[in-house]
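Heads up, model.cif below (mmCIF, C-alpha atoms):
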data_start
loop_
_atom_site.group_PDB
_atom_site.id
_atom_site.type_symbol
_atom_site.label_atom_id
_atom_site.label_comp_id
_atom_site.auth_asym_id
_atom_site.auth_seq_id
_atom_site.Cartn_x
_atom_site.Cartn_y
_atom_site.Cartn_z
ATOM 1 C CA MET A 1 17.342 -4.557 33.554
ATOM 2 C CA ASN A 2 14.119 -6.516 33.411
ATOM 3 C CA ARG A 3 11.084 -4.928 31.904
ATOM 4 C CA SER A 4 7.718 -5.243 33.542
ATOM 5 C CA LEU A 5 4.990 -6.876 31.482
ATOM 6 C CA ARG A 6 3.130 -4.085 29.752
ATOM 7 C CA LEU A 7 0.298 -5.202 27.571
ATOM 8 C CA ILE A 8 -1.694 -2.114 26.676
ATOM 9 C CA PRO A 9 -4.491 -2.381 24.099
ATOM 10 C CA LYS A 10 -4.285 0.090 21.244
ATOM 11 C CA THR A 11 -6.641 3.052 21.200
ATOM 12 C CA PHE A 12 -8.085 4.596 18.094
ATOM 13 C CA GLY A 13 -8.656 8.239 18.923
ATOM 14 C CA ALA A 14 -12.450 8.112 19.074
ATOM 15 C CA THR A 15 -13.900 8.389 22.552
ATOM 16 C CA ARG A 16 -15.927 5.370 23.607
ATOM 17 C CA LEU A 17 -19.260 5.729 25.382
ATOM 18 C CA MET A 18 -18.813 4.183 28.811
ATOM 19 C CA SER A 19 -21.463 1.862 30.186
ATOM 20 C CA THR A 20 -22.996 2.867 33.470
ATOM 21 C CA LYS A 21 -22.209 -0.612 34.731
ATOM 22 C CA ALA A 22 -18.515 -1.329 35.141
ATOM 23 C CA VAL A 23 -17.246 -4.453 33.391
ATOM 24 C CA SER A 24 -14.660 -6.510 35.224
ATOM 25 C CA HIS A 25 -11.659 -7.579 33.203
ATOM 26 C CA GLU A 26 -10.019 -9.408 36.076
ATOM 27 C CA PRO A 27 -9.097 -13.096 35.544
ATOM 28 C CA PRO A 28 -11.774 -15.525 36.807
ATOM 29 C CA LYS A 29 -9.305 -17.208 39.156
ATOM 30 C CA LYS A 30 -5.868 -16.617 40.612
ATOM 31 C CA ILE A 31 -2.942 -18.741 39.463
ATOM 32 C CA HIS A 32 0.039 -18.339 41.758
ATOM 33 C CA GLY A 33 3.624 -17.763 40.746
ATOM 34 C CA THR A 34 5.291 -15.938 37.883
ATOM 35 C CA THR A 35 3.448 -18.049 35.334
ATOM 36 C CA GLY A 36 0.120 -16.985 36.799
ATOM 37 C CA ARG A 37 1.080 -13.315 36.847
ATOM 38 C CA TYR A 38 1.977 -13.310 33.163
ATOM 39 C CA ALA A 39 -1.153 -15.254 32.213
ATOM 40 C CA GLY A 40 -3.303 -12.942 34.329
ATOM 41 C CA ALA A 41 -1.799 -9.833 32.734
ATOM 42 C CA VAL A 42 -2.462 -11.223 29.253
ATOM 43 C CA TYR A 43 -6.038 -12.162 30.182
ATOM 44 C CA LYS A 44 -6.762 -8.691 31.547
ATOM 45 C CA ALA A 45 -5.301 -6.942 28.494
ATOM 46 C CA ALA A 46 -7.114 -9.265 26.083
ATOM 47 C CA SER A 47 -10.403 -8.781 27.951
ATOM 48 C CA LYS A 48 -10.120 -4.988 27.764
ATOM 49 C CA ALA A 49 -9.398 -5.218 24.040
ATOM 50 C CA GLY A 50 -12.194 -7.714 23.402
ATOM 51 C CA LEU A 51 -9.650 -10.250 22.125
ATOM 52 C CA LEU A 52 -9.854 -13.096 24.639
ATOM 53 C CA ASP A 53 -10.756 -15.773 22.087
ATOM 54 C CA LYS A 54 -8.376 -14.440 19.440
ATOM 55 C CA VAL A 55 -5.434 -14.456 21.855
ATOM 56 C CA GLU A 56 -6.362 -17.953 23.006
ATOM 57 C CA GLY A 57 -6.239 -19.169 19.412
ATOM 58 C CA GLU A 58 -2.913 -17.456 18.776
ATOM 59 C CA LEU A 59 -1.342 -18.902 21.901
ATOM 60 C CA GLY A 60 -2.689 -22.311 20.934
ATOM 61 C CA ALA A 61 -0.964 -22.022 17.563
ATOM 62 C CA VAL A 62 2.358 -21.175 19.228
ATOM 63 C CA SER A 63 1.883 -24.037 21.689
ATOM 64 C CA GLU A 64 1.339 -26.439 18.803
ATOM 65 C CA LEU A 65 4.539 -25.185 17.171
ATOM 66 C CA ILE A 66 6.474 -25.748 20.402
ATOM 67 C CA VAL A 67 5.222 -29.334 20.551
ATOM 68 C CA LYS A 68 5.807 -30.136 16.875
ATOM 69 C CA SER A 69 9.115 -28.360 16.291
ATOM 70 C CA SER A 70 12.081 -29.548 18.331
ATOM 71 C CA ASP A 71 14.176 -26.773 16.764
ATOM 72 C CA PHE A 72 11.766 -24.078 17.955
ATOM 73 C CA SER A 73 11.322 -25.523 21.449
ATOM 74 C CA GLY A 74 15.097 -25.988 21.698
ATOM 75 C CA PHE A 75 15.645 -22.379 20.665
ATOM 76 C CA LEU A 76 13.233 -21.098 23.324
ATOM 77 C CA GLY A 77 14.878 -23.138 26.087
ATOM 78 C CA ASN A 78 18.509 -22.638 25.042
ATOM 79 C CA PRO A 79 20.230 -20.595 27.799
ATOM 80 C CA THR A 80 23.281 -19.877 25.597
ATOM 81 C CA ILE A 81 21.240 -17.719 23.198
ATOM 82 C CA SER A 82 21.132 -14.116 24.366
ATOM 83 C CA ARG A 83 17.923 -12.327 25.245
ATOM 84 C CA ALA A 84 18.559 -9.860 22.431
ATOM 85 C CA ASP A 85 18.886 -12.643 19.858
ATOM 86 C CA LYS A 86 15.740 -14.338 21.113
ATOM 87 C CA SER A 87 13.845 -11.043 21.046
ATOM 88 C CA GLU A 88 14.934 -10.423 17.447
ATOM 89 C CA LYS A 89 13.917 -13.925 16.342
ATOM 90 C CA ILE A 90 10.562 -13.744 18.129
ATOM 91 C CA GLY A 91 9.951 -10.281 16.673
ATOM 92 C CA HIS A 92 10.356 -11.645 13.145
ATOM 93 C CA LEU A 93 8.200 -14.707 13.853
ATOM 94 C CA ILE A 94 5.272 -13.148 15.718
ATOM 95 C CA THR A 95 4.236 -10.145 13.684
ATOM 96 C CA GLU A 96 1.138 -7.994 13.294
ATOM 97 C CA PRO A 97 -1.442 -8.333 11.824
ATOM 98 C CA LYS A 98 -0.906 -12.095 11.750
ATOM 99 C CA PHE A 99 -0.876 -11.974 15.552
ATOM 100 C CA SER A 100 -2.554 -9.456 17.835
ATOM 101 C CA HIS A 101 -0.438 -6.805 19.535
ATOM 102 C CA ILE A 102 -1.187 -8.501 22.869
ATOM 103 C CA THR A 103 0.296 -11.834 21.833
ATOM 104 C CA ARG A 104 3.274 -10.123 20.203
ATOM 105 C CA ASN A 105 3.916 -7.991 23.302
ATOM 106 C CA LEU A 106 3.743 -11.055 25.534
ATOM 107 C CA PHE A 107 6.423 -12.974 23.657
ATOM 108 C CA LEU A 108 8.675 -9.951 23.222
ATOM 109 C CA THR A 109 8.402 -9.288 26.960
ATOM 110 C CA LEU A 110 9.143 -12.909 27.820
ATOM 111 C CA ALA A 111 12.212 -12.859 25.573
ATOM 112 C CA ALA A 112 13.457 -9.568 27.029
ATOM 113 C CA ASN A 113 12.945 -10.821 30.595
ATOM 114 C CA GLY A 114 14.669 -14.149 29.992
ATOM 115 C CA ARG A 115 11.468 -16.151 30.485
ATOM 116 C CA ILE A 116 10.692 -17.233 26.940
ATOM 117 C CA GLY A 117 11.520 -20.814 27.949
ATOM 118 C CA GLU A 118 8.426 -20.734 30.175
ATOM 119 C CA ALA A 119 6.111 -19.841 27.287
ATOM 120 C CA ASP A 120 4.388 -23.234 27.244
ATOM 121 C CA LYS A 121 3.546 -22.983 30.962
ATOM 122 C CA ILE A 122 2.179 -19.465 30.544
ATOM 123 C CA ILE A 123 0.068 -20.568 27.593
ATOM 124 C CA SER A 124 -1.336 -23.439 29.675
ATOM 125 C CA ALA A 125 -2.135 -21.014 32.489
ATOM 126 C CA TYR A 126 -3.975 -18.696 30.068
ATOM 127 C CA GLU A 127 -5.975 -21.640 28.741
ATOM 128 C CA GLU A 128 -6.839 -22.526 32.338
ATOM 129 C CA LEU A 129 -8.149 -18.997 32.903
ATOM 130 C CA MET A 130 -10.245 -19.192 29.732
ATOM 131 C CA ALA A 131 -11.705 -22.542 30.803
ATOM 132 C CA ALA A 132 -12.572 -21.068 34.205
ATOM 133 C CA ALA A 133 -14.245 -18.080 32.532
ATOM 134 C CA ARG A 134 -16.443 -20.469 30.550
ATOM 135 C CA GLY A 135 -17.274 -22.416 33.704
ATOM 136 C CA ALA A 136 -15.527 -25.489 32.308
ATOM 137 C CA VAL A 137 -13.956 -28.184 34.482
ATOM 138 C CA LYS A 138 -10.290 -28.556 33.531
ATOM 139 C CA VAL A 139 -9.295 -32.178 32.946
ATOM 140 C CA THR A 140 -5.787 -33.433 32.223
ATOM 141 C CA ILE A 141 -5.340 -37.027 31.063
ATOM 142 C CA ILE A 142 -1.806 -38.418 31.330
ATOM 143 C CA SER A 143 -0.886 -41.688 29.633
ATOM 144 C CA ALA A 144 2.348 -43.591 28.991
ATOM 145 C CA GLU A 145 1.633 -43.523 25.256
ATOM 146 C CA ALA A 146 -0.580 -41.339 23.098
ATOM 147 C CA LEU A 147 -4.198 -42.509 23.327
ATOM 148 C CA GLY A 148 -6.080 -43.522 20.209
ATOM 149 C CA LYS A 149 -9.274 -41.726 19.272
ATOM 150 C CA LYS A 150 -11.457 -44.565 20.602
ATOM 151 C CA GLN A 151 -9.516 -44.834 23.868
ATOM 152 C CA LEU A 152 -9.627 -41.084 24.440
ATOM 153 C CA GLY A 153 -13.349 -41.022 23.742
ATOM 154 C CA ALA A 154 -13.960 -43.725 26.361
ATOM 155 C CA VAL A 155 -11.914 -41.853 28.962
ATOM 156 C CA GLU A 156 -13.656 -38.555 28.194
ATOM 157 C CA ALA A 157 -17.051 -40.241 28.546
ATOM 158 C CA GLY A 158 -16.013 -41.486 31.978
ATOM 159 C CA VAL A 159 -14.861 -38.017 32.989
ATOM 160 C CA VAL A 160 -18.135 -36.431 31.841
ATOM 161 C CA ALA A 161 -20.051 -38.977 33.915
ATOM 162 C CA MET A 162 -17.849 -38.078 36.892
ATOM 163 C CA VAL A 163 -18.331 -34.298 36.721
ATOM 164 C CA GLY A 164 -21.987 -34.506 35.746
ATOM 165 C CA LYS A 165 -23.787 -34.048 32.453
ATOM 166 C CA GLY A 166 -24.342 -30.499 31.321
ATOM 167 C CA LYS A 167 -21.049 -29.207 32.729
ATOM 168 C CA PRO A 168 -18.517 -28.140 30.080
ATOM 169 C CA VAL A 169 -15.227 -30.043 30.234
ATOM 170 C CA ASP A 170 -11.887 -28.731 28.956
ATOM 171 C CA VAL A 171 -9.719 -31.792 28.238
ATOM 172 C CA THR A 172 -5.981 -31.795 27.567
ATOM 173 C CA THR A 173 -3.772 -34.848 27.122
ATOM 174 C CA GLU A 174 -0.151 -35.434 28.070
ATOM 175 C CA VAL A 175 2.256 -38.312 27.474
ATOM 176 C CA ASP A 176 4.558 -39.407 30.311
ATOM 177 C CA PRO A 177 6.385 -42.723 29.715
ATOM 178 C CA SER A 178 7.483 -42.835 33.363
ATOM 179 C CA ILE A 179 4.005 -43.919 34.508
ATOM 180 C CA LEU A 180 4.653 -47.191 32.569
ATOM 181 C CA GLY A 181 0.983 -47.769 31.738
ATOM 182 C CA GLY A 182 -2.537 -46.971 32.853
ATOM 183 C CA LEU A 183 -3.636 -43.380 33.371
ATOM 184 C CA GLN A 184 -3.334 -40.401 35.650
ATOM 185 C CA VAL A 185 -6.301 -38.026 35.535
ATOM 186 C CA MET A 186 -6.619 -34.545 36.993
ATOM 187 C CA VAL A 187 -10.241 -33.415 37.292
ATOM 188 C CA GLY A 188 -10.228 -29.898 38.662
ATOM 189 C CA ASP A 189 -8.320 -30.228 41.933
ATOM 190 C CA ARG A 190 -8.842 -33.994 42.163
ATOM 191 C CA PHE A 191 -6.061 -36.379 41.180
ATOM 192 C CA LEU A 192 -6.763 -39.975 40.174
ATOM 193 C CA ASP A 193 -3.660 -42.161 39.887
ATOM 194 C CA LEU A 194 -4.487 -45.298 37.907
ATOM 195 C CA SER A 195 -0.953 -45.770 36.605
ATOM 196 C CA VAL A 196 1.157 -48.925 36.599
ATOM 197 C CA SER A 197 3.978 -47.042 38.326
ATOM 198 C CA SER A 198 1.624 -46.250 41.218
ATOM 199 C CA ARG A 199 0.671 -49.906 41.587
ATOM 200 C CA VAL A 200 4.337 -50.937 41.445
ATOM 201 C CA ALA A 201 5.154 -48.414 44.159
ATOM 202 C CA SER A 202 2.331 -49.777 46.339
ATOM 203 C CA ILE A 203 3.544 -53.356 45.905
ATOM 204 C CA SER A 204 7.121 -52.337 46.682
ATOM 205 C CA ALA A 205 5.982 -50.551 49.844
ATOM 206 C CA ALA A 206 4.031 -53.631 50.922
ATOM 207 C CA LEU A 207 7.059 -55.864 50.359
ATOM 208 C CA ASP A 208 9.291 -53.509 52.305
ATOM 209 C CA SER A 209 6.838 -53.563 55.201
ATOM 210 C CA ALA A 210 6.689 -57.360 55.159
ATOM 211 C CA GLN A 211 10.476 -57.638 55.259
ATOM 212 C CA ALA A 212 10.916 -55.092 58.044
#
Could you take the file, read its structure, and then write that structure out as structure tokens?
Amino acid sequence: MNRSLRLIPKTFGATRLMSTKAVSHEPPKKIHGTTGRYAGAVYKAASKAGLLDKVEGELGAVSELIVKSSDFSGFLGNPTISRADKSEKIGHLITEPKFSHITRNLFLTLAANGRIGEADKIISAYEELMAAARGAVKVTIISAEALGKKQLGAVEAGVVAMVGKGKPVDVTTEVDPSILGGLQVMVGDRFLDLSVSSRVASISAALDSAQA
């Protein structure tokens, strides 16, 4: 039986003085789907506990481990490993006080619900919520090969010019060999396809039309 995501901040006995003005802990935007629901629940719990930045850093550390360790990412996505075994492994890896109770509860819940393989997507969704809370424009740069520091700097400068100076920009990079070359850039809801694969597809379509 699946467990619902329950991320409840710890209380410490002492009664807090409540502000006369209610503080909203709701996520700054809605992300649809299961991924969005998990990310939203984590955001709300972290906001209530005053741990938004801490949880973001912890999730970033796990995300980096997923990227760098093929063994760890393979373990998370392996459907032949039981939920109980994954829960036990995650419980030993993500412990308090090294990680907050919110981050630990998230990963234990994902393991118990058979969704630990979606951890990277949920982390990305949480980072998107944090960027939105800061008023930052989310930018994703996709290249066929990893960009060098100078190349990335040039692209980021172009993006900043596009969104306007003074606006914070949250940039993430991805590598997708299938685009062959060039770049694909997501700026907020806008998609710019400057890839070689896109140009090849356009040429192929033109040739097909000419031969029809």
The PyMOL selection byres ((chain A and resi 195) around 6) applied to the shown file, residues as a PDB file with C-alpha atoms, keeping the file's coordinate frame:
ATOM      1  CA  ILE A 179       4.005 -43.919  34.508  1.00  0.00           C
ATOM      2  CA  GLY A 181       0.983 -47.769  31.738  1.00  0.00           C
ATOM      3  CA  GLY A 182      -2.537 -46.971  32.853  1.00  0.00           C
ATOM      4  CA  LEU A 183      -3.636 -43.380  33.371  1.00  0.00           C
ATOM      5  CA  GLN A 184      -3.334 -40.401  35.650  1.00  0.00           C
ATOM      6  CA  ASP A 193      -3.660 -42.161  39.887  1.00  0.00           C
ATOM      7  CA  LEU A 194      -4.487 -45.298  37.907  1.00  0.00           C
ATOM      8  CA  VAL A 196       1.157 -48.925  36.599  1.00  0.00           C
ATOM      9  CA  SER A 197       3.978 -47.042  38.326  1.00  0.00           C
ATOM     10  CA  SER A 198       1.624 -46.250  41.218  1.00  0.00           C
TER      11      SER A 198
END
On this file, the PyMOL selection byres ((chain A and resi 44-52) around 6) gives some set of residues; write that set as a ChimeraX atom specification.
/A:7,9,25-26,41-43,53-55
Across A:Ala39, A:Ile116, A:Phe99, A:Thr173, the smallest distance to Lys149 of chain A, with only C-alpha atoms counted, is shown by A:Thr173
Using all atoms listed in the file, which of the listed residues (A:Val137, A:Ile123, A:Glu56, A:Leu65) sits closest to Leu110 of chain A?
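Using all atoms listed in the file, Leu110 of chain A sits closest to A:Ile123.
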In terms of the shortest atom-to-atom distance over only C-alpha atoms, which of A:Leu76, A:Leu192, A:Leu59, A:Ala154 is closest to Ile102 of chain A?
A:Leu59
Please determine the residues with any atom at most 10 Å from (6.2, -9.5, 21.2) (coordinates as given in the file, with all atoms listed in the file counting) and report them as a PyMOL selection string.
chain A and resi 7+87-88+90-96+99-112
Please report the interatomic distance between atom CA of Leu152 of chain A and atom CA of Thr172 of chain A in Å with one decimal.
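Pair atom CA of Leu152 of chain A / atom CA of Thr172 of chain A returns 10.5 Å.
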For Thr34 of chain A, which residue out of A:Ile122, A:Lys89, A:Phe72, A:Thr80 is the nearest one, using all atoms listed in the file?
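Among the listed residues, A:Ile122 lies closest to Thr34 of chain A.
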Of the residues A:Ala119, A:Ala133, A:Ala146, A:Ile141, which is the one nearest to Ser73 of chain A, using all atoms listed in the file?
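So, comparing all the options, the nearest one is A:Ala119.
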Would you work out the distance separating atom CA of Pro27 of chain A from atom CA of Gly40 of chain A, expressed in Å to one decimal?
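Atom-to-atom, atom CA of Pro27 of chain A and atom CA of Gly40 of chain A are spaced 5.9 Å apart.
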If we count only C-alpha atoms, what is near Pro177 of chain A at a cut-off of 9 Å, once residues fewer than 5 positions away on the same chain are taken out, given as an MDAnalysis selection string?
chainID A and resid 143:145
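Closest approach to Tyr38 of chain A from the set A:Ala84, A:Ala61, A:Ala125, A:Val139 is made by A:Ala125, with distances taken over only C-alpha atoms.
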What is the atom CA of Gly148 of chain A to atom CA of Val185 of chain A distance in Å?
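About the pair atom CA of Gly148 of chain A and atom CA of Val185 of chain A: they are 16.3 Å apart.
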Taking the partial coordinates given, rebuild segment 112-128 of chain A to contain N, CA and C atoms; return it as a PDB file, in the frame of the given file.
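Contents of part-v4.pdb, as written:
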ATOM      1  N   ALA A 112      12.647 -10.621  26.412  1.00  0.00           N
ATOM      2  CA  ALA A 112      13.457  -9.568  27.029  1.00  0.00           C
ATOM      3  C   ALA A 112      13.743  -9.857  28.499  1.00  0.00           C
ATOM      4  N   ASN A 113      12.791 -10.530  29.163  1.00  0.00           N
ATOM      5  CA  ASN A 113      12.945 -10.821  30.595  1.00  0.00           C
ATOM      6  C   ASN A 113      13.587 -12.177  30.867  1.00  0.00           C
ATOM      7  N   GLY A 114      14.001 -12.859  29.809  1.00  0.00           N
ATOM      8  CA  GLY A 114      14.669 -14.149  29.992  1.00  0.00           C
ATOM      9  C   GLY A 114      13.735 -15.254  30.417  1.00  0.00           C
ATOM     10  N   ARG A 115      12.452 -15.144  30.076  1.00  0.00           N
ATOM     11  CA  ARG A 115      11.468 -16.151  30.485  1.00  0.00           C
ATOM     12  C   ARG A 115      10.767 -16.811  29.305  1.00  0.00           C
ATOM     13  N   ILE A 116      11.340 -16.664  28.110  1.00  0.00           N
ATOM     14  CA  ILE A 116      10.692 -17.233  26.940  1.00  0.00           C
ATOM     15  C   ILE A 116      10.638 -18.760  27.020  1.00  0.00           C
ATOM     16  N   GLY A 117      11.536 -19.363  27.767  1.00  0.00           N
ATOM     17  CA  GLY A 117      11.520 -20.814  27.949  1.00  0.00           C
ATOM     18  C   GLY A 117      10.321 -21.307  28.740  1.00  0.00           C
ATOM     19  N   GLU A 118       9.613 -20.383  29.395  1.00  0.00           N
ATOM     20  CA  GLU A 118       8.426 -20.734  30.175  1.00  0.00           C
ATOM     21  C   GLU A 118       7.141 -20.472  29.394  1.00  0.00           C
ATOM     22  N   ALA A 119       7.274 -20.216  28.103  1.00  0.00           N
ATOM     23  CA  ALA A 119       6.111 -19.841  27.287  1.00  0.00           C
ATOM     24  C   ALA A 119       5.018 -20.893  27.333  1.00  0.00           C
ATOM     25  N   ASP A 120       5.409 -22.183  27.259  1.00  0.00           N
ATOM     26  CA  ASP A 120       4.388 -23.234  27.244  1.00  0.00           C
ATOM     27  C   ASP A 120       3.593 -23.261  28.542  1.00  0.00           C
ATOM     28  N   LYS A 121       4.242 -22.994  29.676  1.00  0.00           N
ATOM     29  CA  LYS A 121       3.546 -22.983  30.962  1.00  0.00           C
ATOM     30  C   LYS A 121       2.596 -21.784  31.050  1.00  0.00           C
ATOM     31  N   ILE A 122       3.016 -20.663  30.513  1.00  0.00           N
ATOM     32  CA  ILE A 122       2.179 -19.465  30.544  1.00  0.00           C
ATOM     33  C   ILE A 122       0.969 -19.643  29.632  1.00  0.00           C
ATOM     34  N   ILE A 123       1.182 -20.273  28.490  1.00  0.00           N
ATOM     35  CA  ILE A 123       0.068 -20.568  27.593  1.00  0.00           C
ATOM     36  C   ILE A 123      -0.939 -21.486  28.272  1.00  0.00           C
ATOM     37  N   SER A 124      -0.449 -22.516  28.947  1.00  0.00           N
ATOM     38  CA  SER A 124      -1.336 -23.439  29.675  1.00  0.00           C
ATOM     39  C   SER A 124      -2.125 -22.712  30.755  1.00  0.00           C
ATOM     40  N   ALA A 125      -1.461 -21.778  31.438  1.00  0.00           N
ATOM     41  CA  ALA A 125      -2.135 -21.014  32.489  1.00  0.00           C
ATOM     42  C   ALA A 125      -3.227 -20.122  31.892  1.00  0.00           C
ATOM     43  N   TYR A 126      -2.958 -19.521  30.732  1.00  0.00           N
ATOM     44  CA  TYR A 126      -3.975 -18.696  30.068  1.00  0.00           C
ATOM     45  C   TYR A 126      -5.166 -19.556  29.660  1.00  0.00           C
ATOM     46  N   GLU A 127      -4.889 -20.735  29.126  1.00  0.00           N
ATOM     47  CA  GLU A 127      -5.975 -21.640  28.741  1.00  0.00           C
ATOM     48  C   GLU A 127      -6.798 -22.057  29.958  1.00  0.00           C
ATOM     49  N   GLU A 128      -6.132 -22.191  31.097  1.00  0.00           N
ATOM     50  CA  GLU A 128      -6.839 -22.526  32.338  1.00  0.00           C
ATOM     51  C   GLU A 128      -7.768 -21.386  32.752  1.00  0.00           C
TER      52      GLU A 128
END
